[in-house]
>>> print(open('start-v3.tsv').read())   # TSV, N, CA and C atoms
chain	number	residue	atom	x	y	z
A	92	MET	N	-18.13	-10.92	9.57
A	92	MET	CA	-16.94	-10.11	9.77
A	92	MET	C	-17.13	-8.76	9.07
A	93	GLU	N	-16.75	-7.69	9.74
A	93	GLU	CA	-16.89	-6.35	9.20
A	93	GLU	C	-15.84	-6.10	8.12
A	94	LYS	N	-16.25	-5.38	7.08
A	94	LYS	CA	-15.34	-5.04	6.00
A	94	LYS	C	-14.26	-4.09	6.50
A	95	THR	N	-13.05	-4.25	5.95
A	95	THR	CA	-11.98	-3.30	6.26
A	95	THR	C	-12.22	-2.01	5.47
A	96	ILE	N	-11.53	-0.97	5.87
A	96	ILE	CA	-11.62	0.30	5.13
A	96	ILE	C	-11.19	0.11	3.69
A	97	PHE	N	-10.21	-0.76	3.45
A	97	PHE	CA	-9.74	-0.97	2.07
A	97	PHE	C	-10.77	-1.72	1.24
A	98	ALA	N	-11.48	-2.67	1.85
A	98	ALA	CA	-12.56	-3.37	1.14
A	98	ALA	C	-13.66	-2.37	0.78
A	99	LYS	N	-13.96	-1.46	1.69
A	99	LYS	CA	-14.98	-0.44	1.41
A	99	LYS	C	-14.55	0.49	0.28
A	100	ILE	N	-13.26	0.84	0.24
A	100	ILE	CA	-12.73	1.67	-0.86
A	100	ILE	C	-12.84	0.90	-2.17
A	101	LEU	N	-12.41	-0.37	-2.16
A	101	LEU	CA	-12.46	-1.18	-3.38
A	101	LEU	C	-13.90	-1.38	-3.87
A	102	ASP	N	-14.85	-1.45	-2.95
A	102	ASP	CA	-16.26	-1.63	-3.32
A	102	ASP	C	-16.96	-0.32	-3.66
A	103	GLY	N	-16.24	0.81	-3.58
A	103	GLY	CA	-16.82	2.10	-3.91
A	103	GLY	C	-17.67	2.71	-2.81
A	104	GLU	N	-17.63	2.11	-1.61
A	104	GLU	CA	-18.43	2.63	-0.50
A	104	GLU	C	-17.79	3.87	0.13
A	105	ILE	N	-16.48	3.98	0.01
A	105	ILE	CA	-15.75	5.15	0.50
A	105	ILE	C	-15.04	5.75	-0.71
A	106	PRO	N	-15.45	6.94	-1.11
A	106	PRO	CA	-14.81	7.54	-2.28
A	106	PRO	C	-13.37	7.96	-1.97
A	107	THR	N	-12.50	7.71	-2.91
A	107	THR	CA	-11.11	8.12	-2.79
A	107	THR	C	-10.51	8.25	-4.17
A	108	GLU	N	-9.49	9.04	-4.27
A	108	GLU	CA	-8.80	9.20	-5.55
A	108	GLU	C	-7.83	8.04	-5.73
A	109	ILE	N	-8.04	7.28	-6.78
A	109	ILE	CA	-7.11	6.20	-7.12
A	109	ILE	C	-6.04	6.80	-8.02
A	110	LEU	N	-4.80	6.74	-7.56
A	110	LEU	CA	-3.68	7.32	-8.28
A	110	LEU	C	-3.22	6.44	-9.44
A	111	TYR	N	-3.34	5.14	-9.24
A	111	TYR	CA	-2.95	4.15	-10.25
A	111	TYR	C	-3.64	2.85	-9.90
A	112	GLN	N	-3.92	2.06	-10.91
A	112	GLN	CA	-4.41	0.71	-10.65
A	112	GLN	C	-4.01	-0.20	-11.79
A	113	ASN	N	-3.88	-1.45	-11.47
A	113	ASN	CA	-3.66	-2.47	-12.47
A	113	ASN	C	-4.64	-3.60	-12.18
A	114	GLU	N	-4.44	-4.72	-12.80
A	114	GLU	CA	-5.38	-5.84	-12.67
A	114	GLU	C	-5.62	-6.29	-11.23
A	115	ARG	N	-4.59	-6.17	-10.37
A	115	ARG	CA	-4.71	-6.74	-9.02
A	115	ARG	C	-4.43	-5.77	-7.88
A	116	THR	N	-4.16	-4.50	-8.17
A	116	THR	CA	-3.89	-3.53	-7.10
A	116	THR	C	-4.51	-2.17	-7.42
A	117	ILE	N	-4.66	-1.38	-6.37
A	117	ILE	CA	-4.92	0.05	-6.52
A	117	ILE	C	-3.89	0.78	-5.67
A	118	VAL	N	-3.66	2.05	-6.02
A	118	VAL	CA	-2.76	2.89	-5.24
A	118	VAL	C	-3.49	4.17	-4.87
A	119	ILE	N	-3.41	4.50	-3.57
A	119	ILE	CA	-4.01	5.73	-3.07
A	119	ILE	C	-3.00	6.44	-2.17
A	120	ASP	N	-3.25	7.71	-1.90
A	120	ASP	CA	-2.45	8.42	-0.90
A	120	ASP	C	-2.91	7.99	0.49
A	121	ASP	N	-1.96	7.87	1.40
A	121	ASP	CA	-2.28	7.55	2.79
A	121	ASP	C	-2.90	8.78	3.44
A	122	ILE	N	-3.98	8.60	4.20
A	122	ILE	CA	-4.63	9.76	4.84
A	122	ILE	C	-3.89	10.24	6.08
A	123	HIS	N	-2.93	9.45	6.56
A	123	HIS	CA	-2.10	9.83	7.70
A	123	HIS	C	-0.63	9.64	7.30
A	124	PRO	N	-0.14	10.51	6.40
A	124	PRO	CA	1.20	10.29	5.85
A	124	PRO	C	2.31	10.37	6.90
A	125	GLN	N	3.27	9.46	6.74
A	125	GLN	CA	4.45	9.41	7.60
A	125	GLN	C	5.69	9.95	6.89
A	126	ALA	N	5.52	10.44	5.68
A	126	ALA	CA	6.60	11.05	4.89
A	126	ALA	C	5.94	12.03	3.94
A	127	SER	N	6.73	12.85	3.26
A	127	SER	CA	6.12	13.84	2.37
A	127	SER	C	5.35	13.17	1.24
A	128	ILE	N	5.79	12.00	0.82
A	128	ILE	CA	5.01	11.16	-0.09
A	128	ILE	C	4.78	9.83	0.61
A	129	HIS	N	3.52	9.45	0.75
A	129	HIS	CA	3.16	8.20	1.42
A	129	HIS	C	1.93	7.64	0.73
A	130	CYS	N	2.17	6.66	-0.11
A	130	CYS	CA	1.08	6.01	-0.85
A	130	CYS	C	0.90	4.59	-0.34
A	131	LEU	N	-0.29	4.05	-0.61
A	131	LEU	CA	-0.59	2.67	-0.25
A	131	LEU	C	-0.90	1.89	-1.51
A	132	VAL	N	-0.23	0.77	-1.68
A	132	VAL	CA	-0.54	-0.18	-2.74
A	132	VAL	C	-1.39	-1.26	-2.08
A	133	ILE	N	-2.63	-1.36	-2.49
A	133	ILE	CA	-3.60	-2.25	-1.86
A	133	ILE	C	-3.97	-3.36	-2.83
A	134	THR	N	-3.90	-4.60	-2.36
A	134	THR	CA	-4.29	-5.70	-3.22
A	134	THR	C	-5.81	-5.73	-3.37
A	135	LYS	N	-6.26	-6.03	-4.57
A	135	LYS	CA	-7.71	-6.15	-4.80
A	135	LYS	C	-8.25	-7.42	-4.17
A	136	THR	N	-7.43	-8.45	-4.09
A	136	THR	CA	-7.82	-9.66	-3.37
A	136	THR	C	-7.67	-9.36	-1.88
A	137	PRO	N	-8.66	-9.68	-1.07
A	137	PRO	CA	-8.60	-9.31	0.34
A	137	PRO	C	-7.74	-10.25	1.20
A	138	TYR	N	-6.47	-10.37	0.84
A	138	TYR	CA	-5.57	-11.13	1.69
A	138	TYR	C	-5.47	-10.44	3.03
A	139	LYS	N	-5.42	-11.20	4.11
A	139	LYS	CA	-5.27	-10.61	5.44
A	139	LYS	C	-3.88	-9.99	5.60
A	140	ASP	N	-2.86	-10.69	5.12
A	140	ASP	CA	-1.49	-10.19	5.24
A	140	ASP	C	-0.62	-10.89	4.19
A	141	ILE	N	0.64	-10.58	4.20
A	141	ILE	CA	1.55	-11.06	3.16
A	141	ILE	C	1.69	-12.59	3.14
A	142	SER	N	1.44	-13.24	4.26
A	142	SER	CA	1.57	-14.70	4.30
A	142	SER	C	0.50	-15.39	3.46
A	143	GLU	N	-0.61	-14.72	3.17
A	143	GLU	CA	-1.68	-15.29	2.36
A	143	GLU	C	-1.54	-14.97	0.88
A	144	MET	N	-0.65	-14.07	0.54
A	144	MET	CA	-0.56	-13.54	-0.82
A	144	MET	C	-0.15	-14.59	-1.84
A	145	ASP	N	-0.86	-14.62	-2.96
A	145	ASP	CA	-0.49	-15.46	-4.09
A	145	ASP	C	0.81	-14.89	-4.67
A	146	PRO	N	1.83	-15.71	-4.85
A	146	PRO	CA	3.11	-15.21	-5.37
A	146	PRO	C	2.98	-14.47	-6.71
A	147	GLU	N	2.00	-14.84	-7.53
A	147	GLU	CA	1.82	-14.13	-8.80
A	147	GLU	C	1.45	-12.67	-8.59
A	148	ASP	N	0.86	-12.34	-7.46
A	148	ASP	CA	0.48	-10.95	-7.20
A	148	ASP	C	1.69	-10.04	-6.95
A	149	PHE	N	2.83	-10.61	-6.61
A	149	PHE	CA	4.03	-9.78	-6.42
A	149	PHE	C	4.36	-8.98	-7.67
A	150	PHE	N	4.16	-9.56	-8.84
A	150	PHE	CA	4.41	-8.84	-10.09
A	150	PHE	C	3.57	-7.57	-10.15
A	151	TYR	N	2.29	-7.68	-9.79
A	151	TYR	CA	1.39	-6.54	-9.86
A	151	TYR	C	1.70	-5.50	-8.79
A	152	VAL	N	2.09	-5.95	-7.62
A	152	VAL	CA	2.50	-5.02	-6.57
A	152	VAL	C	3.76	-4.28	-7.01
A	153	HIS	N	4.72	-5.02	-7.54
A	153	HIS	CA	5.97	-4.40	-8.02
A	153	HIS	C	5.68	-3.38	-9.12
A	154	ASP	N	4.80	-3.74	-10.05
A	154	ASP	CA	4.40	-2.82	-11.12
A	154	ASP	C	3.81	-1.54	-10.53
A	155	ALA	N	2.91	-1.69	-9.56
A	155	ALA	CA	2.27	-0.52	-8.95
A	155	ALA	C	3.28	0.36	-8.23
A	156	ILE	N	4.22	-0.26	-7.54
A	156	ILE	CA	5.26	0.52	-6.84
A	156	ILE	C	6.09	1.32	-7.85
A	157	LYS	N	6.51	0.67	-8.91
A	157	LYS	CA	7.30	1.37	-9.95
A	157	LYS	C	6.51	2.52	-10.57
A	158	LYS	N	5.24	2.28	-10.86
A	158	LYS	CA	4.42	3.30	-11.50
A	158	LYS	C	4.18	4.49	-10.58
A	159	ILE	N	3.90	4.23	-9.30
A	159	ILE	CA	3.63	5.35	-8.39
A	159	ILE	C	4.91	6.13	-8.10
A	160	ALA	N	6.05	5.45	-8.05
A	160	ALA	CA	7.32	6.16	-7.86
A	160	ALA	C	7.58	7.09	-9.04
A	161	ALA	N	7.31	6.62	-10.24
A	161	ALA	CA	7.49	7.47	-11.42
A	161	ALA	C	6.48	8.62	-11.42
A	162	LEU	N	5.22	8.33	-11.09
A	162	LEU	CA	4.17	9.35	-11.06
A	162	LEU	C	4.49	10.43	-10.03
A	163	LYS	N	4.99	10.03	-8.88
A	163	LYS	CA	5.32	10.98	-7.81
A	163	LYS	C	6.74	11.53	-7.93
A	164	ALA	N	7.48	11.07	-8.95
A	164	ALA	CA	8.84	11.52	-9.22
A	164	ALA	C	9.78	11.31	-8.03
A	165	ILE	N	9.72	10.11	-7.46
A	165	ILE	CA	10.64	9.77	-6.38
A	165	ILE	C	11.58	8.65	-6.85
A	166	GLU	N	12.86	8.90	-6.68
A	166	GLU	CA	13.86	7.91	-7.07
A	166	GLU	C	14.23	7.03	-5.89
A	167	ASP	N	14.29	7.64	-4.71
A	167	ASP	CA	14.62	6.91	-3.48
A	167	ASP	C	13.35	6.79	-2.65
A	168	TYR	N	13.04	5.57	-2.26
A	168	TYR	CA	11.81	5.36	-1.49
A	168	TYR	C	11.94	4.08	-0.67
A	169	ARG	N	11.05	3.96	0.27
A	169	ARG	CA	10.98	2.78	1.14
A	169	ARG	C	9.63	2.10	0.92
A	170	VAL	N	9.65	0.77	0.92
A	170	VAL	CA	8.42	-0.02	0.80
A	170	VAL	C	8.31	-0.88	2.05
A	171	VAL	N	7.14	-0.82	2.70
A	171	VAL	CA	6.94	-1.53	3.97
A	171	VAL	C	5.57	-2.20	3.95
A	172	THR	N	5.52	-3.42	4.48
A	172	THR	CA	4.25	-4.05	4.81
A	172	THR	C	4.39	-4.63	6.21
A	173	ASN	N	3.32	-4.62	6.95
A	173	ASN	CA	3.33	-5.15	8.31
A	173	ASN	C	2.51	-6.43	8.35
A	174	LYS	N	2.98	-7.40	9.12
A	174	LYS	CA	2.24	-8.65	9.29
A	174	LYS	C	1.99	-8.88	10.77
A	175	GLY	N	0.77	-8.68	11.17
A	175	GLY	CA	0.38	-8.91	12.55
A	175	GLY	C	0.43	-7.67	13.42
A	176	PRO	N	-0.36	-7.67	14.48
A	176	PRO	CA	-0.44	-6.51	15.38
A	176	PRO	C	0.89	-6.12	16.02
A	177	ALA	N	1.71	-7.10	16.41
A	177	ALA	CA	2.99	-6.76	17.04
A	177	ALA	C	3.94	-6.07	16.07
A	178	ALA	N	3.71	-6.25	14.76
A	178	ALA	CA	4.53	-5.59	13.75
A	178	ALA	C	3.94	-4.24	13.33
A	179	GLY	N	2.79	-3.90	13.89
A	179	GLY	CA	2.17	-2.61	13.58
A	179	GLY	C	1.01	-2.68	12.59
A	180	GLN	N	0.58	-3.88	12.20
A	180	GLN	CA	-0.54	-3.96	11.27
A	180	GLN	C	-1.83	-3.59	12.00
A	181	THR	N	-2.56	-2.62	11.42
A	181	THR	CA	-3.83	-2.19	12.01
A	181	THR	C	-5.01	-2.44	11.08
A	182	VAL	N	-4.76	-2.57	9.78
A	182	VAL	CA	-5.81	-2.90	8.82
A	182	VAL	C	-5.45	-4.27	8.25
A	183	PHE	N	-6.33	-5.23	8.44
A	183	PHE	CA	-6.02	-6.60	8.06
A	183	PHE	C	-6.52	-6.90	6.64
A	184	HIS	N	-5.96	-6.13	5.73
A	184	HIS	CA	-6.13	-6.28	4.28
A	184	HIS	C	-4.75	-5.90	3.73
A	185	LEU	N	-4.12	-6.82	3.02
A	185	LEU	CA	-2.74	-6.62	2.59
A	185	LEU	C	-2.55	-5.32	1.83
A	186	HIS	N	-1.56	-4.55	2.26
A	186	HIS	CA	-1.21	-3.31	1.61
A	186	HIS	C	0.26	-3.02	1.87
A	187	PHE	N	0.84	-2.25	0.99
A	187	PHE	CA	2.25	-1.88	1.06
A	187	PHE	C	2.34	-0.35	1.12
A	188	HIS	N	3.15	0.14	2.03
A	188	HIS	CA	3.39	1.57	2.15
A	188	HIS	C	4.58	1.93	1.27
A	189	VAL	N	4.43	2.97	0.46
A	189	VAL	CA	5.53	3.50	-0.35
A	189	VAL	C	5.79	4.90	0.18
A	190	LEU	N	6.97	5.08	0.78
A	190	LEU	CA	7.31	6.35	1.42
A	190	LEU	C	8.54	6.97	0.76
A	191	GLY	N	8.49	8.26	0.54
A	191	GLY	CA	9.63	8.95	-0.05
A	191	GLY	C	9.39	10.44	-0.12
A	192	GLY	N	10.18	11.08	-0.97
A	192	GLY	CA	10.03	12.51	-1.16
A	192	GLY	C	10.86	13.36	-0.23
A	193	SER	N	11.48	12.73	0.76
A	193	SER	CA	12.34	13.44	1.71
A	193	SER	C	13.26	12.41	2.33
A	194	GLU	N	14.24	12.89	3.09
A	194	GLU	CA	15.16	12.00	3.78
A	194	GLU	C	14.37	11.18	4.80
A	195	LEU	N	14.51	9.86	4.72
A	195	LEU	CA	13.81	8.98	5.65
A	195	LEU	C	14.78	8.55	6.74
A	196	GLY	N	14.31	8.49	7.95
A	196	GLY	CA	15.16	8.09	9.07
A	196	GLY	C	15.55	6.63	8.99
A	197	ASP	N	16.57	6.30	9.72
A	197	ASP	CA	17.04	4.92	9.83
A	197	ASP	C	15.99	4.11	10.58
A	198	ILE	N	15.53	3.02	10.00
A	198	ILE	CA	14.48	2.23	10.65
A	198	ILE	C	15.02	1.44	11.85
A	199	ASN	N	16.33	1.40	12.01
A	199	ASN	CA	16.92	0.68	13.12
A	199	ASN	C	17.12	1.55	14.36
A	200	SER	N	16.78	2.83	14.25
A	200	SER	CA	17.01	3.69	15.41
A	200	SER	C	15.73	4.02	16.12
>>> encode(input="start-v3.tsv", output="structure tokens")
Amino acid sequence: MEKTIFAKILDGEIPTEILYQNERTIVIDDIHPQASIHCLVITKTPYKDISEMDPEDFFYVHDAIKKIAALKAIEDYRVVTNKGPAAGQTVFHLHFHVLGGSELGDINS
């Protein structure tokens, strides 16, 4: 099976600026931002999606989200993860999108 782009970043094969990291996650800027601030919290364990995630990792994801929000000085933000192609998942390595920095549209419209 071919490595995902996130596995390549974690292995140092694709250089990128890591904005924050803890024991189980890294945070980078999204290369195709959907908001003025759009970061990705990527699990170091290569879970395919949220259904595989060890519940203990939620603490580390939450920590990374709080830290990047403080670093980027955003008080209001949205956190999204997709599970499966029909939900919009295109990279099958668990990651969370943190979007903010401007008014975000209603996700129901």
>>> residues_around(input="start-v3.tsv", residues="Leu190 of chain A", least_positions_apart="4", cutoff="5 Å", atoms="all atoms listed in the file", output="ChimeraX atom specification")
/A:128-129,168-169
>>> residues_around(input="start-v3.tsv", residues="segment 115-121 of chain A", least_positions_apart="4", cutoff="6.5 Å", atoms="only N, CA and C atoms", output="list of chain:residue names")
A:Glu108, A:Ile109, A:Leu110, A:Tyr111, A:His129, A:Cys130, A:Leu131, A:Val132, A:Ile133, A:Thr134, A:Lys135, A:Thr136, A:Tyr151, A:Val152
>>> residues_near_point(input="start-v3.tsv", point="(4.9, 13.3, -4.8)", cutoff="7 Å", atoms="only N, CA and C atoms", output="PyMOL selection string")
chain A and resi 127-129+162-165+192
>>> atom_distance(input="start-v3.tsv", atom1="atom C of Phe187 of chain A", atom2="atom CA of Gly175 of chain A")
14.4 Å
>>> atom_distance(input="start-v3.tsv", atom1="atom C of Thr95 of chain A", atom2="atom C of Gln180 of chain A")
12.4 Å
>>> select_by_dssp(input="start-v3.tsv", residues="segment 102-194 of chain A", states="strand (DSSP E)", output="number ranges by chain")
A: 111-112, 116-120, 128-134, 168-171, 186-191
>>> closest_residue(input="start-v3.tsv", among="A:Gln112, A:Thr181, A:Ala98, A:Glu93", to="Asp154 of chain A", atoms="only C-alpha atoms")
A:Gln112
>>> atom_distance(input="start-v3.tsv", atom1="atom N of Phe97 of chain A", atom2="atom N of Pro137 of chain A")
10.1 Å
>>> axis_aligned_box(input="start-v3.tsv", around="segment 190-193 of chain A", padding_each_side="6 Å", output="JSON")
{"center_x": 10.1, "center_y": 9.3, "center_z": 0.6, "size_x": 18.3, "size_y": 20.4, "size_z": 15.5}
>>> select_by_dssp(input="start-v3.tsv", residues="chain A", states="alpha helix (DSSP H)", output="PDB file with N, CA and C atoms, in the coordinates of the input")
ATOM      1  N   ILE A  96     -11.530  -0.970   5.870  1.00  0.00           N
ATOM      2  CA  ILE A  96     -11.620   0.300   5.130  1.00  0.00           C
ATOM      3  C   ILE A  96     -11.190   0.110   3.690  1.00  0.00           C
ATOM      4  N   PHE A  97     -10.210  -0.760   3.450  1.00  0.00           N
ATOM      5  CA  PHE A  97      -9.740  -0.970   2.070  1.00  0.00           C
ATOM      6  C   PHE A  97     -10.770  -1.720   1.240  1.00  0.00           C
ATOM      7  N   ALA A  98     -11.480  -2.670   1.850  1.00  0.00           N
ATOM      8  CA  ALA A  98     -12.560  -3.370   1.140  1.00  0.00           C
ATOM      9  C   ALA A  98     -13.660  -2.370   0.780  1.00  0.00           C
ATOM     10  N   LYS A  99     -13.960  -1.460   1.690  1.00  0.00           N
ATOM     11  CA  LYS A  99     -14.980  -0.440   1.410  1.00  0.00           C
ATOM     12  C   LYS A  99     -14.550   0.490   0.280  1.00  0.00           C
ATOM     13  N   ILE A 100     -13.260   0.840   0.240  1.00  0.00           N
ATOM     14  CA  ILE A 100     -12.730   1.670  -0.860  1.00  0.00           C
ATOM     15  C   ILE A 100     -12.840   0.900  -2.170  1.00  0.00           C
ATOM     16  N   LEU A 101     -12.410  -0.370  -2.160  1.00  0.00           N
ATOM     17  CA  LEU A 101     -12.460  -1.180  -3.380  1.00  0.00           C
ATOM     18  C   LEU A 101     -13.900  -1.380  -3.870  1.00  0.00           C
ATOM     19  N   ASP A 148       0.860 -12.340  -7.460  1.00  0.00           N
ATOM     20  CA  ASP A 148       0.480 -10.950  -7.200  1.00  0.00           C
ATOM     21  C   ASP A 148       1.690 -10.040  -6.950  1.00  0.00           C
ATOM     22  N   PHE A 149       2.830 -10.610  -6.610  1.00  0.00           N
ATOM     23  CA  PHE A 149       4.030  -9.780  -6.420  1.00  0.00           C
ATOM     24  C   PHE A 149       4.360  -8.980  -7.670  1.00  0.00           C
ATOM     25  N   PHE A 150       4.160  -9.560  -8.840  1.00  0.00           N
ATOM     26  CA  PHE A 150       4.410  -8.840 -10.090  1.00  0.00           C
ATOM     27  C   PHE A 150       3.570  -7.570 -10.150  1.00  0.00           C
ATOM     28  N   TYR A 151       2.290  -7.680  -9.790  1.00  0.00           N
ATOM     29  CA  TYR A 151       1.390  -6.540  -9.860  1.00  0.00           C
ATOM     30  C   TYR A 151       1.700  -5.500  -8.790  1.00  0.00           C
ATOM     31  N   VAL A 152       2.090  -5.950  -7.620  1.00  0.00           N
ATOM     32  CA  VAL A 152       2.500  -5.020  -6.570  1.00  0.00           C
ATOM     33  C   VAL A 152       3.760  -4.280  -7.010  1.00  0.00           C
ATOM     34  N   HIS A 153       4.720  -5.020  -7.540  1.00  0.00           N
ATOM     35  CA  HIS A 153       5.970  -4.400  -8.020  1.00  0.00           C
ATOM     36  C   HIS A 153       5.680  -3.380  -9.120  1.00  0.00           C
ATOM     37  N   ASP A 154       4.800  -3.740 -10.050  1.00  0.00           N
ATOM     38  CA  ASP A 154       4.400  -2.820 -11.120  1.00  0.00           C
ATOM     39  C   ASP A 154       3.810  -1.540 -10.530  1.00  0.00           C
ATOM     40  N   ALA A 155       2.910  -1.690  -9.560  1.00  0.00           N
ATOM     41  CA  ALA A 155       2.270  -0.520  -8.950  1.00  0.00           C
ATOM     42  C   ALA A 155       3.280   0.360  -8.230  1.00  0.00           C
ATOM     43  N   ILE A 156       4.220  -0.260  -7.540  1.00  0.00           N
ATOM     44  CA  ILE A 156       5.260   0.520  -6.840  1.00  0.00           C
ATOM     45  C   ILE A 156       6.090   1.320  -7.850  1.00  0.00           C
ATOM     46  N   LYS A 157       6.510   0.670  -8.910  1.00  0.00           N
ATOM     47  CA  LYS A 157       7.300   1.370  -9.950  1.00  0.00           C
ATOM     48  C   LYS A 157       6.510   2.520 -10.570  1.00  0.00           C
ATOM     49  N   LYS A 158       5.240   2.280 -10.860  1.00  0.00           N
ATOM     50  CA  LYS A 158       4.420   3.300 -11.500  1.00  0.00           C
ATOM     51  C   LYS A 158       4.180   4.490 -10.580  1.00  0.00           C
ATOM     52  N   ILE A 159       3.900   4.230  -9.300  1.00  0.00           N
ATOM     53  CA  ILE A 159       3.630   5.350  -8.390  1.00  0.00           C
ATOM     54  C   ILE A 159       4.910   6.130  -8.100  1.00  0.00           C
ATOM     55  N   ALA A 160       6.050   5.450  -8.050  1.00  0.00           N
ATOM     56  CA  ALA A 160       7.320   6.160  -7.860  1.00  0.00           C
ATOM     57  C   ALA A 160       7.580   7.090  -9.040  1.00  0.00           C
ATOM     58  N   ALA A 161       7.310   6.620 -10.240  1.00  0.00           N
ATOM     59  CA  ALA A 161       7.490   7.470 -11.420  1.00  0.00           C
ATOM     60  C   ALA A 161       6.480   8.620 -11.420  1.00  0.00           C
ATOM     61  N   LEU A 162       5.220   8.330 -11.090  1.00  0.00           N
ATOM     62  CA  LEU A 162       4.170   9.350 -11.060  1.00  0.00           C
ATOM     63  C   LEU A 162       4.490  10.430 -10.030  1.00  0.00           C
TER      64      LEU A 162
END
>>> closest_residue(input="start-v3.tsv", among="A:Asp167, A:Ile122, A:His153, A:Pro106", to="Ser193 of chain A", atoms="only N, CA and C atoms")
A:Asp167
